[in-house]
$ cat input-v3.txt   # compact mmCIF, C-alpha atoms (C1' of nucleotides)
# COMPACT_ATOMS: atom_id res chain seq x y z
CA MET R 1 31.17 -57.93 -9.84
CA THR R 2 29.39 -60.02 -12.44
CA GLY R 3 29.35 -63.16 -10.36
CA ASN R 4 30.16 -65.10 -13.51
CA ASP R 5 33.76 -64.04 -13.16
CA ARG R 6 35.95 -66.80 -11.83
CA ARG R 7 37.99 -64.30 -9.80
CA VAL R 8 34.91 -63.11 -7.99
CA ARG R 9 33.81 -66.62 -7.17
CA ARG R 10 37.25 -67.58 -5.92
CA THR R 11 37.59 -64.47 -3.80
CA ARG R 12 34.25 -64.83 -2.10
CA ARG R 13 34.68 -68.52 -1.55
CA SER R 14 38.11 -68.02 0.01
CA LEU R 15 36.82 -65.35 2.34
CA ARG R 16 33.87 -67.42 3.53
CA GLU R 17 35.98 -70.48 4.10
CA ALA R 18 38.59 -68.47 5.96
CA LEU R 19 35.99 -66.91 8.24
CA VAL R 20 34.40 -70.23 9.10
CA ALA R 21 37.78 -71.78 9.84
CA LEU R 22 38.82 -68.88 12.05
CA ILE R 23 35.54 -68.89 13.95
CA VAL R 24 36.02 -72.55 14.75
CA GLU R 25 39.53 -71.80 15.99
CA ARG R 26 38.98 -68.77 18.20
CA GLY R 27 35.35 -67.65 18.08
CA TYR R 28 33.65 -64.96 16.06
CA GLU R 29 34.45 -62.02 18.34
CA LYS R 30 38.19 -62.68 18.30
CA VAL R 31 38.45 -62.76 14.54
CA THR R 32 39.48 -59.50 12.84
CA VAL R 33 39.00 -58.59 9.23
CA GLN R 34 42.77 -58.63 8.83
CA ASP R 35 42.87 -62.20 10.12
CA VAL R 36 40.44 -63.26 7.45
CA LEU R 37 42.44 -61.41 4.83
CA ASP R 38 45.68 -63.10 5.87
CA ARG R 39 44.11 -66.54 5.99
CA ALA R 40 42.40 -66.14 2.63
CA ASP R 41 45.39 -64.31 1.17
CA ILE R 42 43.19 -61.53 -0.15
CA GLY R 43 43.93 -57.82 -0.35
CA ARG R 44 42.25 -55.46 2.07
CA SER R 45 40.53 -53.28 -0.50
CA THR R 46 39.27 -56.36 -2.28
CA PHE R 47 37.43 -57.45 0.82
CA TYR R 48 35.54 -54.20 1.07
CA ALA R 49 34.68 -54.42 -2.60
CA HIS R 50 32.64 -57.52 -1.81
CA TYR R 51 31.39 -57.20 1.76
CA ARG R 52 30.46 -54.23 3.89
CA ASP R 53 32.09 -55.62 7.03
CA LYS R 54 32.68 -58.77 9.03
CA ASP R 55 29.00 -59.19 9.86
CA ASP R 56 28.13 -58.99 6.21
CA LEU R 57 30.55 -61.78 5.37
CA PHE R 58 29.15 -63.82 8.23
CA THR R 59 25.65 -63.37 6.91
CA ALA R 60 26.82 -64.57 3.51
CA CYS R 61 28.22 -67.73 5.08
CA PHE R 62 24.91 -68.17 6.74
CA ASP R 63 22.92 -67.80 3.58
CA ASP R 64 24.92 -70.66 2.13
CA LEU R 65 24.00 -72.89 5.02
CA ARG R 66 20.39 -71.84 4.94
CA ALA R 67 20.15 -72.51 1.23
CA SER R 68 21.69 -75.92 1.72
CA LEU R 69 19.24 -76.84 4.47
CA GLU R 70 16.26 -75.53 2.55
CA HIS R 71 17.37 -77.58 -0.42
CA GLU R 72 17.39 -80.72 1.73
CA LEU R 73 13.98 -79.94 3.14
CA ALA R 74 12.51 -79.31 -0.28
CA ALA R 75 13.92 -82.60 -1.51
CA THR R 76 12.14 -84.38 1.35
CA VAL R 77 8.75 -83.09 0.33
CA ASP R 78 9.09 -84.83 -3.01
CA GLY R 79 10.53 -87.92 -1.35
CA PRO R 80 8.83 -91.08 -0.15
CA SER R 81 7.84 -89.91 3.36
CA HIS R 82 6.17 -86.61 2.55
CA ASP R 83 3.16 -87.61 4.63
CA ASP R 84 5.12 -87.70 7.90
CA PRO R 85 4.81 -84.23 9.46
CA THR R 86 7.76 -84.83 11.79
CA ARG R 87 10.14 -85.77 8.98
CA PRO R 88 11.64 -82.24 8.70
CA ILE R 89 12.99 -82.64 12.22
CA GLY R 90 15.03 -85.62 11.18
CA VAL R 91 16.26 -83.84 8.09
CA MET R 92 17.44 -80.93 10.20
CA PHE R 93 19.49 -83.06 12.55
CA GLU R 94 20.93 -85.04 9.68
CA HIS R 95 21.91 -81.86 7.91
CA ALA R 96 23.76 -80.65 10.98
CA TYR R 97 25.42 -84.03 11.35
CA ALA R 98 26.62 -83.89 7.77
CA ASN R 99 28.06 -80.39 8.18
CA GLN R 100 29.49 -80.53 11.67
CA LEU R 101 32.29 -78.02 11.22
CA VAL R 102 30.08 -75.39 9.67
CA TYR R 103 27.43 -75.82 12.33
CA GLN R 104 30.03 -75.55 15.07
CA ALA R 105 31.27 -72.32 13.55
CA LEU R 106 27.90 -70.79 12.81
CA CYS R 107 25.75 -72.08 15.67
CA GLY R 108 28.29 -72.76 18.39
CA ARG R 109 29.19 -70.43 21.22
CA ALA R 110 30.31 -67.85 18.66
CA GLY R 111 27.57 -67.12 16.17
CA ALA R 112 24.85 -68.30 18.51
CA THR R 113 22.81 -65.16 18.03
CA ALA R 114 22.66 -65.17 14.27
CA GLY R 115 22.60 -68.94 14.12
CA THR R 116 19.75 -69.22 16.52
CA ARG R 117 17.75 -66.57 14.76
CA MET R 118 18.04 -68.10 11.34
CA LEU R 119 17.22 -71.65 12.39
CA HIS R 120 14.48 -70.38 14.64
CA ARG R 121 12.76 -68.62 11.81
CA LEU R 122 13.17 -71.54 9.46
CA ILE R 123 11.60 -73.97 11.93
CA LEU R 124 9.00 -71.43 12.95
CA ASP R 125 7.69 -71.11 9.43
CA SER R 126 7.73 -74.84 8.86
CA LEU R 127 5.85 -75.51 12.09
CA ARG R 128 3.33 -72.80 11.44
CA ASP R 129 2.54 -74.27 8.05
CA HIS R 130 1.89 -77.63 9.65
CA LEU R 131 -0.09 -76.43 12.65
CA THR R 132 -2.15 -73.47 11.52
CA PRO R 133 -4.69 -75.49 9.47
CA VAL R 134 -5.55 -77.97 12.20
CA GLY R 135 -7.22 -75.50 14.57
CA LEU R 136 -5.70 -75.76 18.03
CA LYS R 137 -7.31 -74.75 21.29
CA LEU R 138 -4.16 -72.94 22.37
CA PRO R 139 -2.86 -69.81 20.61
CA VAL R 140 -0.90 -70.96 17.56
CA ASP R 141 1.73 -68.25 17.92
CA VAL R 142 2.74 -69.43 21.34
CA VAL R 143 2.66 -73.11 20.47
CA VAL R 144 4.81 -72.57 17.42
CA GLU R 145 7.21 -70.36 19.30
CA TYR R 146 7.45 -72.92 22.07
CA HIS R 147 8.43 -75.90 19.97
CA ALA R 148 10.58 -73.98 17.52
CA GLY R 149 12.58 -72.61 20.44
CA ALA R 150 12.81 -76.09 21.91
CA LEU R 151 14.11 -77.67 18.72
CA VAL R 152 16.70 -74.96 18.18
CA ALA R 153 17.85 -75.31 21.78
CA VAL R 154 18.27 -79.06 21.45
CA LEU R 155 20.05 -78.71 18.14
CA LEU R 156 22.51 -76.13 19.51
CA TRP R 157 23.08 -78.22 22.61
CA TRP R 158 23.74 -81.25 20.47
CA VAL R 159 26.18 -79.31 18.29
CA ARG R 160 28.05 -77.92 21.30
CA GLN R 161 28.27 -81.32 22.94
CA GLY R 162 29.95 -82.66 19.83
CA PHE R 163 27.05 -84.76 18.51
CA PRO R 164 26.91 -87.34 21.33
CA GLN R 165 23.94 -89.21 19.82
CA PRO R 166 23.31 -90.26 16.24
CA PRO R 167 20.98 -87.83 14.46
CA ALA R 168 18.14 -90.32 14.10
CA GLU R 169 18.07 -90.95 17.82
CA ILE R 170 17.90 -87.35 18.94
CA ALA R 171 15.36 -86.56 16.26
CA GLN R 172 13.19 -89.38 17.54
CA THR R 173 13.45 -88.12 21.09
CA CYS R 174 12.28 -84.69 19.96
CA GLN R 175 9.39 -86.21 18.05
CA LYS R 176 8.32 -88.04 21.19
CA MET R 177 8.15 -84.77 23.05
CA ILE R 178 6.43 -82.63 20.47
CA THR R 179 3.74 -85.09 19.51
CA PRO R 180 1.88 -85.50 22.83
CA SER R 181 2.22 -81.79 23.47
CA VAL R 182 0.53 -80.89 20.21
CA MET R 183 -2.06 -83.63 20.68
CA ALA R 184 -3.05 -82.11 24.00
CA ALA R 185 -3.55 -78.73 22.35
CA PHE R 186 -5.79 -80.19 19.69
CA MET D 1 36.22 -50.40 46.61
CA THR D 2 34.76 -51.55 49.87
CA GLY D 3 31.23 -51.85 48.60
CA ASN D 4 30.08 -50.25 51.83
CA ASP D 5 31.14 -46.88 50.48
CA ARG D 6 28.23 -44.80 49.32
CA ARG D 7 30.29 -43.41 46.42
CA VAL D 8 30.93 -46.89 45.11
CA ARG D 9 27.29 -47.85 45.30
CA ARG D 10 26.20 -44.66 43.56
CA THR D 11 28.80 -44.99 40.82
CA ARG D 12 27.96 -48.58 40.00
CA ARG D 13 24.26 -47.93 40.15
CA SER D 14 24.55 -44.96 37.81
CA LEU D 15 26.58 -46.93 35.32
CA ARG D 16 24.20 -49.88 35.28
CA GLU D 17 21.16 -47.67 34.90
CA ALA D 18 22.81 -45.69 32.14
CA LEU D 19 23.71 -48.82 30.22
CA VAL D 20 20.23 -50.28 30.46
CA ALA D 21 18.67 -47.01 29.33
CA LEU D 22 21.04 -46.71 26.40
CA ILE D 23 20.49 -50.29 25.31
CA VAL D 24 16.76 -49.68 25.22
CA GLU D 25 17.33 -46.58 23.11
CA ARG D 26 19.75 -47.83 20.49
CA GLY D 27 20.76 -51.44 21.15
CA TYR D 28 23.77 -52.91 22.88
CA GLU D 29 26.14 -52.85 19.93
CA LYS D 30 25.66 -49.16 19.27
CA VAL D 31 26.42 -48.11 22.82
CA THR D 32 30.00 -47.01 23.49
CA VAL D 33 31.69 -46.82 26.86
CA GLN D 34 31.91 -43.07 26.42
CA ASP D 35 28.14 -42.91 25.93
CA VAL D 36 27.62 -44.66 29.24
CA LEU D 37 30.09 -42.32 30.90
CA ASP D 38 28.35 -39.24 29.58
CA ARG D 39 24.90 -40.50 30.51
CA ALA D 40 25.98 -41.51 33.99
CA ASP D 41 28.21 -38.45 34.35
CA ILE D 42 31.12 -40.55 35.51
CA GLY D 43 34.82 -40.12 34.75
CA ARG D 44 36.51 -42.45 32.33
CA SER D 45 39.12 -43.79 34.70
CA THR D 46 36.47 -44.39 37.32
CA PHE D 47 34.65 -46.73 35.00
CA TYR D 48 37.68 -48.90 34.48
CA ALA D 49 38.26 -48.96 38.23
CA HIS D 50 34.98 -50.84 38.57
CA TYR D 51 34.46 -52.80 35.37
CA ARG D 52 36.85 -54.41 32.92
CA ASP D 53 34.86 -53.33 29.87
CA LYS D 54 31.35 -52.91 28.49
CA ASP D 55 30.62 -56.62 28.60
CA ASP D 56 31.60 -56.74 32.23
CA LEU D 57 29.16 -53.97 33.08
CA PHE D 58 26.50 -55.73 31.09
CA THR D 59 27.10 -58.90 33.05
CA ALA D 60 26.76 -56.96 36.28
CA CYS D 61 23.37 -55.64 35.14
CA PHE D 62 22.47 -59.18 34.44
CA ASP D 63 23.50 -60.43 37.81
CA ASP D 64 21.11 -57.93 39.34
CA LEU D 65 18.25 -59.27 37.31
CA ARG D 66 19.19 -62.85 38.01
CA ALA D 67 19.42 -62.20 41.74
CA SER D 68 16.04 -60.52 41.66
CA LEU D 69 14.46 -63.43 39.83
CA GLU D 70 16.09 -66.01 42.06
CA HIS D 71 14.81 -64.12 45.06
CA GLU D 72 11.27 -64.31 43.74
CA LEU D 73 11.63 -68.01 43.02
CA ALA D 74 12.99 -68.71 46.47
CA ALA D 75 10.11 -66.80 48.04
CA THR D 76 7.69 -69.03 46.14
CA VAL D 77 9.10 -72.19 47.66
CA ASP D 78 8.16 -70.94 51.11
CA GLY D 79 4.81 -69.70 49.83
CA PRO D 80 1.41 -71.40 49.77
CA SER D 81 1.77 -73.23 46.45
CA HIS D 82 5.14 -74.91 46.91
CA ASP D 83 3.63 -78.21 45.90
CA ASP D 84 2.88 -77.09 42.35
CA PRO D 85 5.89 -78.02 40.18
CA THR D 86 4.83 -75.63 37.40
CA ARG D 87 4.57 -72.62 39.69
CA PRO D 88 8.11 -71.34 38.83
CA ILE D 89 6.95 -70.81 35.26
CA GLY D 90 4.31 -68.37 36.42
CA VAL D 91 6.79 -66.61 38.66
CA MET D 92 9.15 -66.15 35.75
CA PHE D 93 6.57 -64.54 33.50
CA GLU D 94 5.33 -62.33 36.31
CA HIS D 95 8.86 -61.23 37.04
CA ALA D 96 9.35 -60.20 33.45
CA TYR D 97 6.02 -58.43 33.45
CA ALA D 98 7.01 -56.46 36.53
CA ASN D 99 10.36 -55.41 35.02
CA GLN D 100 9.44 -54.79 31.42
CA LEU D 101 12.05 -52.15 30.63
CA VAL D 102 14.91 -54.17 32.03
CA TYR D 103 13.82 -57.28 30.21
CA GLN D 104 13.50 -55.38 26.97
CA ALA D 105 17.03 -54.10 27.39
CA LEU D 106 18.60 -57.33 28.54
CA CYS D 107 16.63 -59.93 26.61
CA GLY D 108 15.38 -57.99 23.61
CA ARG D 109 17.00 -57.90 20.20
CA ALA D 110 20.13 -56.45 21.77
CA GLY D 111 21.35 -58.64 24.60
CA ALA D 112 19.62 -61.69 23.25
CA THR D 113 22.75 -63.81 23.47
CA ALA D 114 23.63 -63.11 27.08
CA GLY D 115 20.00 -62.86 28.09
CA THR D 116 19.12 -66.14 26.56
CA ARG D 117 22.08 -67.89 28.09
CA MET D 118 21.39 -66.72 31.61
CA LEU D 119 17.68 -67.49 31.61
CA HIS D 120 18.34 -70.74 29.85
CA ARG D 121 20.71 -71.90 32.54
CA LEU D 122 18.42 -70.77 35.31
CA ILE D 123 15.46 -72.68 33.91
CA LEU D 124 17.67 -75.61 32.99
CA ASP D 125 18.79 -76.11 36.56
CA SER D 126 15.30 -75.68 37.93
CA LEU D 127 13.87 -78.20 35.48
CA ARG D 128 16.64 -80.68 36.08
CA ASP D 129 15.99 -80.56 39.81
CA HIS D 130 12.33 -81.33 39.21
CA LEU D 131 12.78 -84.01 36.57
CA THR D 132 15.91 -85.94 37.47
CA PRO D 133 14.39 -87.79 40.46
CA VAL D 134 11.33 -89.09 38.64
CA GLY D 135 13.14 -91.41 36.25
CA LEU D 136 12.11 -90.70 32.68
CA LYS D 137 12.29 -93.09 29.77
CA LEU D 138 13.81 -90.40 27.57
CA PRO D 139 17.29 -88.96 28.21
CA VAL D 140 16.92 -86.28 30.88
CA ASP D 141 19.51 -83.98 29.29
CA VAL D 142 17.56 -83.70 26.10
CA VAL D 143 14.19 -83.35 27.78
CA VAL D 144 15.46 -80.60 30.02
CA GLU D 145 17.19 -78.85 27.16
CA TYR D 146 14.04 -79.07 25.09
CA HIS D 147 11.66 -77.44 27.51
CA ALA D 148 14.14 -74.93 28.87
CA GLY D 149 14.79 -73.75 25.35
CA ALA D 150 11.08 -73.63 24.69
CA LEU D 151 10.30 -71.53 27.74
CA VAL D 152 13.09 -69.08 27.01
CA ALA D 153 11.93 -68.75 23.44
CA VAL D 154 8.37 -68.00 24.49
CA LEU D 155 9.52 -65.54 27.12
CA LEU D 156 11.74 -63.66 24.67
CA TRP D 157 8.98 -63.64 22.06
CA TRP D 158 6.55 -62.31 24.62
CA VAL D 159 8.99 -59.57 25.66
CA ARG D 160 9.66 -58.55 22.06
CA GLN D 161 5.97 -58.46 21.21
CA GLY D 162 5.42 -56.03 24.06
CA PHE D 163 3.66 -58.41 26.47
CA PRO D 164 0.48 -58.99 24.41
CA GLN D 165 -1.05 -61.41 26.97
CA PRO D 166 -1.22 -61.14 30.73
CA PRO D 167 1.51 -63.17 32.41
CA ALA D 168 -0.87 -65.67 34.00
CA GLU D 169 -2.34 -66.55 30.63
CA ILE D 170 0.89 -67.21 28.81
CA ALA D 171 2.25 -69.13 31.77
CA GLN D 172 -0.82 -71.33 31.71
CA THR D 173 -0.42 -71.99 28.01
CA CYS D 174 3.16 -73.11 28.59
CA GLN D 175 2.10 -75.35 31.42
CA LYS D 176 -0.43 -76.99 29.15
CA MET D 177 2.31 -77.81 26.68
CA ILE D 178 4.98 -79.02 29.04
CA THR D 179 2.78 -81.26 31.16
CA PRO D 180 1.59 -83.80 28.55
CA SER D 181 5.03 -83.88 27.02
CA VAL D 182 6.67 -84.83 30.30
CA MET D 183 3.87 -87.25 31.10
CA ALA D 184 4.55 -89.09 27.86
CA ALA D 185 8.21 -89.43 28.77
CA PHE D 186 7.39 -90.88 32.14
C1' DT P 1 44.28 -60.51 -29.00
C1' DC P 2 42.28 -56.64 -26.54
C1' DC P 3 39.33 -54.38 -23.63
C1' DT P 4 37.21 -54.69 -19.28
C1' DT P 5 36.91 -56.03 -14.72
C1' DT P 6 38.96 -57.36 -10.71
C1' DC P 7 42.69 -57.49 -7.58
C1' DC P 8 46.53 -55.56 -5.07
C1' DG P 9 48.68 -53.01 -1.22
C1' DA P 10 50.36 -49.11 0.88
C1' DA P 11 48.87 -45.05 2.95
C1' DC P 12 45.55 -42.49 5.47
C1' DA P 13 41.97 -40.63 8.62
C1' DC P 14 39.07 -42.07 12.06
C1' DT P 15 36.72 -44.24 16.06
C1' DG P 16 36.87 -46.43 20.23
C1' DT P 17 39.59 -48.75 23.86
C1' DG P 18 42.03 -49.21 28.11
C1' DT P 19 45.82 -47.12 31.07
C1' DT P 20 48.38 -43.72 33.69
C1' DC P 21 48.98 -40.15 37.05
C1' DG P 22 48.77 -36.00 39.80
C1' DG P 23 45.34 -33.37 41.90
C1' DT P 24 40.51 -32.93 44.14
C1' DT P 25 36.66 -34.42 46.96
C1' DA P 26 33.70 -37.25 49.66
C1' DT P 27 33.26 -40.94 53.30
C1' DG P 28 33.57 -43.68 57.43
C1' DG P 29 35.77 -44.44 61.72
C1' DT P 30 37.17 -42.52 65.99
C1' DA L 1 34.70 -32.44 64.36
C1' DC L 2 38.70 -34.31 62.52
C1' DC L 3 41.57 -36.69 59.41
C1' DA L 4 43.49 -40.58 57.12
C1' DT L 5 41.88 -43.10 53.51
C1' DA L 6 39.71 -44.39 49.57
C1' DA L 7 37.24 -43.02 45.59
C1' DC L 8 36.69 -39.86 41.90
C1' DC L 9 38.19 -36.77 38.18
C1' DG L 10 39.96 -35.76 33.49
C1' DA L 11 43.40 -34.92 30.32
C1' DA L 12 46.77 -37.20 27.82
C1' DC L 13 48.56 -41.16 25.63
C1' DA L 14 49.51 -45.51 23.05
C1' DC L 15 47.24 -48.80 20.63
C1' DA L 16 44.27 -51.82 17.76
C1' DG L 17 41.06 -52.22 14.34
C1' DT L 18 38.09 -50.13 10.74
C1' DG L 19 36.85 -48.59 6.23
C1' DT L 20 38.44 -45.69 2.14
C1' DT L 21 41.30 -44.15 -1.66
C1' DC L 22 43.99 -44.61 -5.81
C1' DG L 23 47.34 -45.84 -9.35
C1' DG L 24 49.29 -49.73 -11.23
C1' DA L 25 49.39 -54.90 -12.14
C1' DA L 26 47.13 -59.04 -13.50
C1' DA L 27 43.61 -62.09 -14.93
C1' DG L 28 39.21 -62.89 -17.15
C1' DG L 29 35.74 -63.20 -21.05
C1' DA L 30 34.41 -62.60 -25.85

$ encode --input "input-v3.txt" --output "structure tokens"
Amino acid sequence: MTGNDRRVRRTRRSLREALVALIVERGYEKVTVQDVLDRADIGRSTFYAHYRDKDDLFTACFDDLRASLEHELAATVDGPSHDDPTRPIGVMFEHAYANQLVYQALCGRAGATAGTRMLHRLILDSLRDHLTPVGLKLPVDVVVEYHAGALVAVLLWWVRQGFPQPPAEIAQTCQKMITPSVMAAF
Amino acid sequence: MTGNDRRVRRTRRSLREALVALIVERGYEKVTVQDVLDRADIGRSTFYAHYRDKDDLFTACFDDLRASLEHELAATVDGPSHDDPTRPIGVMFEHAYANQLVYQALCGRAGATAGTRMLHRLILDSLRDHLTPVGLKLPVDVVVEYHAGALVAVLLWWVRQGFPQPPAEIAQTCQKMITPSVMAAF
DNA sequence: TCCTTTCCGAACACTGTGTTCGGTTATGGT
DNA sequence: ACCATAACCGAACACAGTGTTCGGAAAGGA
């Protein structure tokens, strides 16, 4: 259970990949633990040595994605356009575009609940950081909740539709909606 | 199975009420069919004569709520303020406020997925009807998706927080955010 | 190499599901 | 008020999936 053990790494990686693949194929609900085991070619008892249950494995997959996205966002802050407050929106759409399969598995029809929640919170925090200091006339909680929910909805829609627009375009559209709305609340 | 039979009405009503109550108590996932049966005092085979499974019963509960909300919305069209395009938003928040327990059960942490989806679609259609004819510069699909998602998010947040503001106030805040955003896309 | 950790896999108990069927009871139509 | 009909009951059953256990095999790190 060291985590430095190659066997442990291989096992966990196989299980996560198998789950994602199976979710894409038939949806989260219709995937059984045994299915994952067969696909990953892992023994039953081994699974339960690493994860409590299917949800736990799903969460682990999710943490990977979250970490990846947070890494991208952090890199942007140090980048050339750290003065553009709407830049994170573009990064988010680009990240989804670059990981289409994973997003379809984790945020599509199947894992919508967990997917929504995680992205929602991520965006929520980011927005709050940007908006709290400026002193709005409207209640910050509601404003933040409003636009975070909106961005998640658009992202999920975009994922489900199979990425009909390029990421830059849809990000720009979102920016055009959020900006006047926030301006009005200023 | 006529639907005109008093026994049928009573049975279905008992089951729906039992499910809602149990969801409020311990969350959708932790409610078993047997729990519902015990609470409603209904025989096992009877349940399966009416509903395919737990999800099916849940959907039926949902249809009730949806019908109720649609009824309110329809009544507004004939009412005094049918010229105000943002009036449906107020109606929605008032409807939730008037049915707090049901909303907590159906749209709270538990049934978030199904709850979100249903409200989302309802608002989506309503918004599309209002916005499609006016000819926006931005893609209508995205605009509609954006604000529908936003409204659902705020509604769910408001429900989960235990209705911290009066419905009129939060509706007004939403209106103040959606209006300039749509204006800018005009 | 050698000692430790992990993996294997079959077996098991357990929970919850959805169906069946013969007998009982309530309902609506006449 | 009557009665044919439809709905309800509940015990029993097969079934699918879960999570645990344990002794032996195999692979890893130092």

$ closest_residue --input "input-v3.txt" --among "D:Cys174, D:Ala60, D:Ile42, D:Leu19" --to "chain L" --atoms "all atoms listed in the file"
D:Ile42

$ interface_residues --input "input-v3.txt" --of "chain L" --to "chain R" --cutoff "10 Å" --atoms "only C-alpha atoms (C1' of nucleotides)" --output "PyMOL selection string"
chain L and resi 17-21+27-29

$ interface_residues --input "input-v3.txt" --of "chain P" --to "chain R" --cutoff "10 Å" --atoms "only C-alpha atoms (C1' of nucleotides)" --output "list in words"
DT5, DT6, DC7, DC8 and DG9 of chain P

$ closest_atom_pairs --input "input-v3.txt" --of "chain R" --to "chain D" --cutoff "12 Å" --atoms "all atoms listed in the file" --output "tab-separated table"
residue	atom	partner	partner_atom	distance
R:Cys107	CA	D:Thr113	CA	11.8
R:Gly108	CA	D:Thr113	CA	11.7
R:Arg109	CA	D:Thr113	CA	9.5
R:Ala110	CA	D:Thr113	CA	9.8
R:Gly111	CA	D:Thr113	CA	9.4
R:Ala112	CA	D:Thr113	CA	7.0
R:Thr113	CA	D:Thr113	CA	5.6
R:Ala114	CA	D:Thr113	CA	9.3
R:Gly115	CA	D:Thr113	CA	10.7
R:Thr116	CA	D:Thr113	CA	9.3
R:Arg117	CA	D:Ala112	CA	10.0
R:His120	CA	D:Ala153	CA	9.3
R:Arg121	CA	D:Ala153	CA	11.7
R:Leu124	CA	D:Ala153	CA	11.2
R:Leu136	CA	D:Thr173	CA	11.9
R:Lys137	CA	D:Thr173	CA	10.0
R:Leu138	CA	D:Thr173	CA	6.8
R:Pro139	CA	D:Thr173	CA	8.1
R:Val140	CA	D:Thr173	CA	10.5
R:Asp141	CA	D:Val154	CA	9.3
R:Val142	CA	D:Val154	CA	6.6
R:Val143	CA	D:Met177	CA	7.8
R:Val144	CA	D:Val154	CA	9.1
R:Glu145	CA	D:Val154	CA	5.8
R:Tyr146	CA	D:Ala150	CA	4.5
R:His147	CA	D:Ala150	CA	5.9
R:Ala148	CA	D:Ala150	CA	7.2
R:Gly149	CA	D:Ala150	CA	4.6
R:Ala150	CA	D:Ala150	CA	4.1
R:Leu151	CA	D:Tyr146	CA	6.5
R:Val152	CA	D:Gly149	CA	7.5
R:Ala153	CA	D:Gly149	CA	5.0
R:Val154	CA	D:Tyr146	CA	5.6
R:Leu155	CA	D:Tyr146	CA	9.2
R:Leu156	CA	D:Glu145	CA	9.7
R:Trp157	CA	D:Glu145	CA	7.5
R:Trp158	CA	D:Val142	CA	8.7
R:Gln161	CA	D:Asp141	CA	11.1
R:Pro164	CA	D:Val142	CA	11.1
R:Gln165	CA	D:Val142	CA	10.5
R:Glu169	CA	D:Pro139	CA	10.6
R:Ile170	CA	D:Val142	CA	8.0
R:Ala171	CA	D:Val142	CA	10.5
R:Gln172	CA	D:Leu138	CA	10.1
R:Thr173	CA	D:Leu138	CA	6.9
R:Cys174	CA	D:Tyr146	CA	7.8
R:Gln175	CA	D:Ser181	CA	10.2
R:Lys176	CA	D:Ala185	CA	7.7
R:Met177	CA	D:Ser181	CA	5.1
R:Ile178	CA	D:Ser181	CA	6.8
R:Thr179	CA	D:Ser181	CA	7.7
R:Pro180	CA	D:Ser181	CA	5.5
R:Ser181	CA	D:Ser181	CA	5.0
R:Val182	CA	D:Met177	CA	7.4
R:Met183	CA	D:Pro180	CA	8.7
R:Ala184	CA	D:Pro180	CA	6.7
R:Ala185	CA	D:Met177	CA	7.3
R:Phe186	CA	D:Met177	CA	11.0

$ atom_distance --input "input-v3.txt" --atom1 "atom CA of D:His71" --atom2 "atom CA of D:Pro166"
21.7 Å

$ atom_distance --input "input-v3.txt" --atom1 "atom CA of R:Asp125" --atom2 "atom CA of R:Lys54"
27.9 Å

$ atom_distance --input "input-v3.txt" --atom1 "atom CA of D:Tyr28" --atom2 "atom CA of R:Cys61"
23.6 Å

$ residues_around --input "input-v3.txt" --residues "P:DT25" --least-positions-apart "4" --cutoff "12 Å" --atoms "only C-alpha atoms (C1' of nucleotides)" --output "MDAnalysis selection string"
(chainID D and resid 7) or (chainID L and resid 6:9)

$ write_last_selection --input "input-v3.txt" --atoms "C-alpha atoms (C1' of nucleotides)" --output "CSV table (one decimal), in the frame of the given file"
chain,number,residue,atom,x,y,z
D,7,ARG,CA,30.3,-43.4,46.4
L,6,DA,C1',39.7,-44.4,49.6
L,7,DA,C1',37.2,-43.0,45.6
L,8,DC,C1',36.7,-39.9,41.9
L,9,DC,C1',38.2,-36.8,38.2

$ residues_near_point --input "input-v3.txt" --point "(48.4, -45.5, -0.8)" --cutoff "7 Å" --atoms "only C-alpha atoms (C1' of nucleotides)" --output "ChimeraX atom specification"
/P:10-11 /L:22

$ write_last_selection --input "input-v3.txt" --atoms "C-alpha atoms (C1' of nucleotides)" --output "PDB file, in the frame of the given file"
ATOM      1  C1'  DA P  10      50.360 -49.110   0.880  1.00  0.00           C
ATOM      2  C1'  DA P  11      48.870 -45.050   2.950  1.00  0.00           C
TER       3       DA P  11
ATOM      4  C1'  DC L  22      43.990 -44.610  -5.810  1.00  0.00           C
TER       5       DC L  22
END

$ residues_around --input "input-v3.txt" --residues "P:DG29" --least-positions-apart "4" --cutoff "12 Å" --atoms "all atoms listed in the file" --output "list in words"
DC2, DC3, DA4 and DT5 of chain L

$ build_atoms --input "input-v3.txt" --residues "stretch 115-120 of chain R" --atoms "N, CA and C atoms" --output "mmCIF file, keeping the file's coordinate frame"
data_model
loop_
_atom_site.group_PDB
_atom_site.id
_atom_site.type_symbol
_atom_site.label_atom_id
_atom_site.label_comp_id
_atom_site.auth_asym_id
_atom_site.auth_seq_id
_atom_site.Cartn_x
_atom_site.Cartn_y
_atom_site.Cartn_z
ATOM 1 N N GLY R 115 22.954 -67.559 14.385
ATOM 2 C CA GLY R 115 22.600 -68.940 14.120
ATOM 3 C C GLY R 115 21.237 -69.290 14.655
ATOM 4 N N THR R 116 21.034 -68.953 15.897
ATOM 5 C CA THR R 116 19.750 -69.220 16.520
ATOM 6 C C THR R 116 18.627 -68.573 15.729
ATOM 7 N N ARG R 117 18.819 -67.308 15.411
ATOM 8 C CA ARG R 117 17.750 -66.570 14.760
ATOM 9 C C ARG R 117 17.343 -67.200 13.438
ATOM 10 N N MET R 118 18.346 -67.547 12.655
ATOM 11 C CA MET R 118 18.040 -68.100 11.340
ATOM 12 C C MET R 118 17.316 -69.441 11.443
ATOM 13 N N LEU R 119 17.851 -70.344 12.239
ATOM 14 C CA LEU R 119 17.220 -71.650 12.390
ATOM 15 C C LEU R 119 15.826 -71.491 12.989
ATOM 16 N N HIS R 120 15.745 -70.608 13.966
ATOM 17 C CA HIS R 120 14.480 -70.380 14.640
ATOM 18 C C HIS R 120 13.394 -70.000 13.644
#
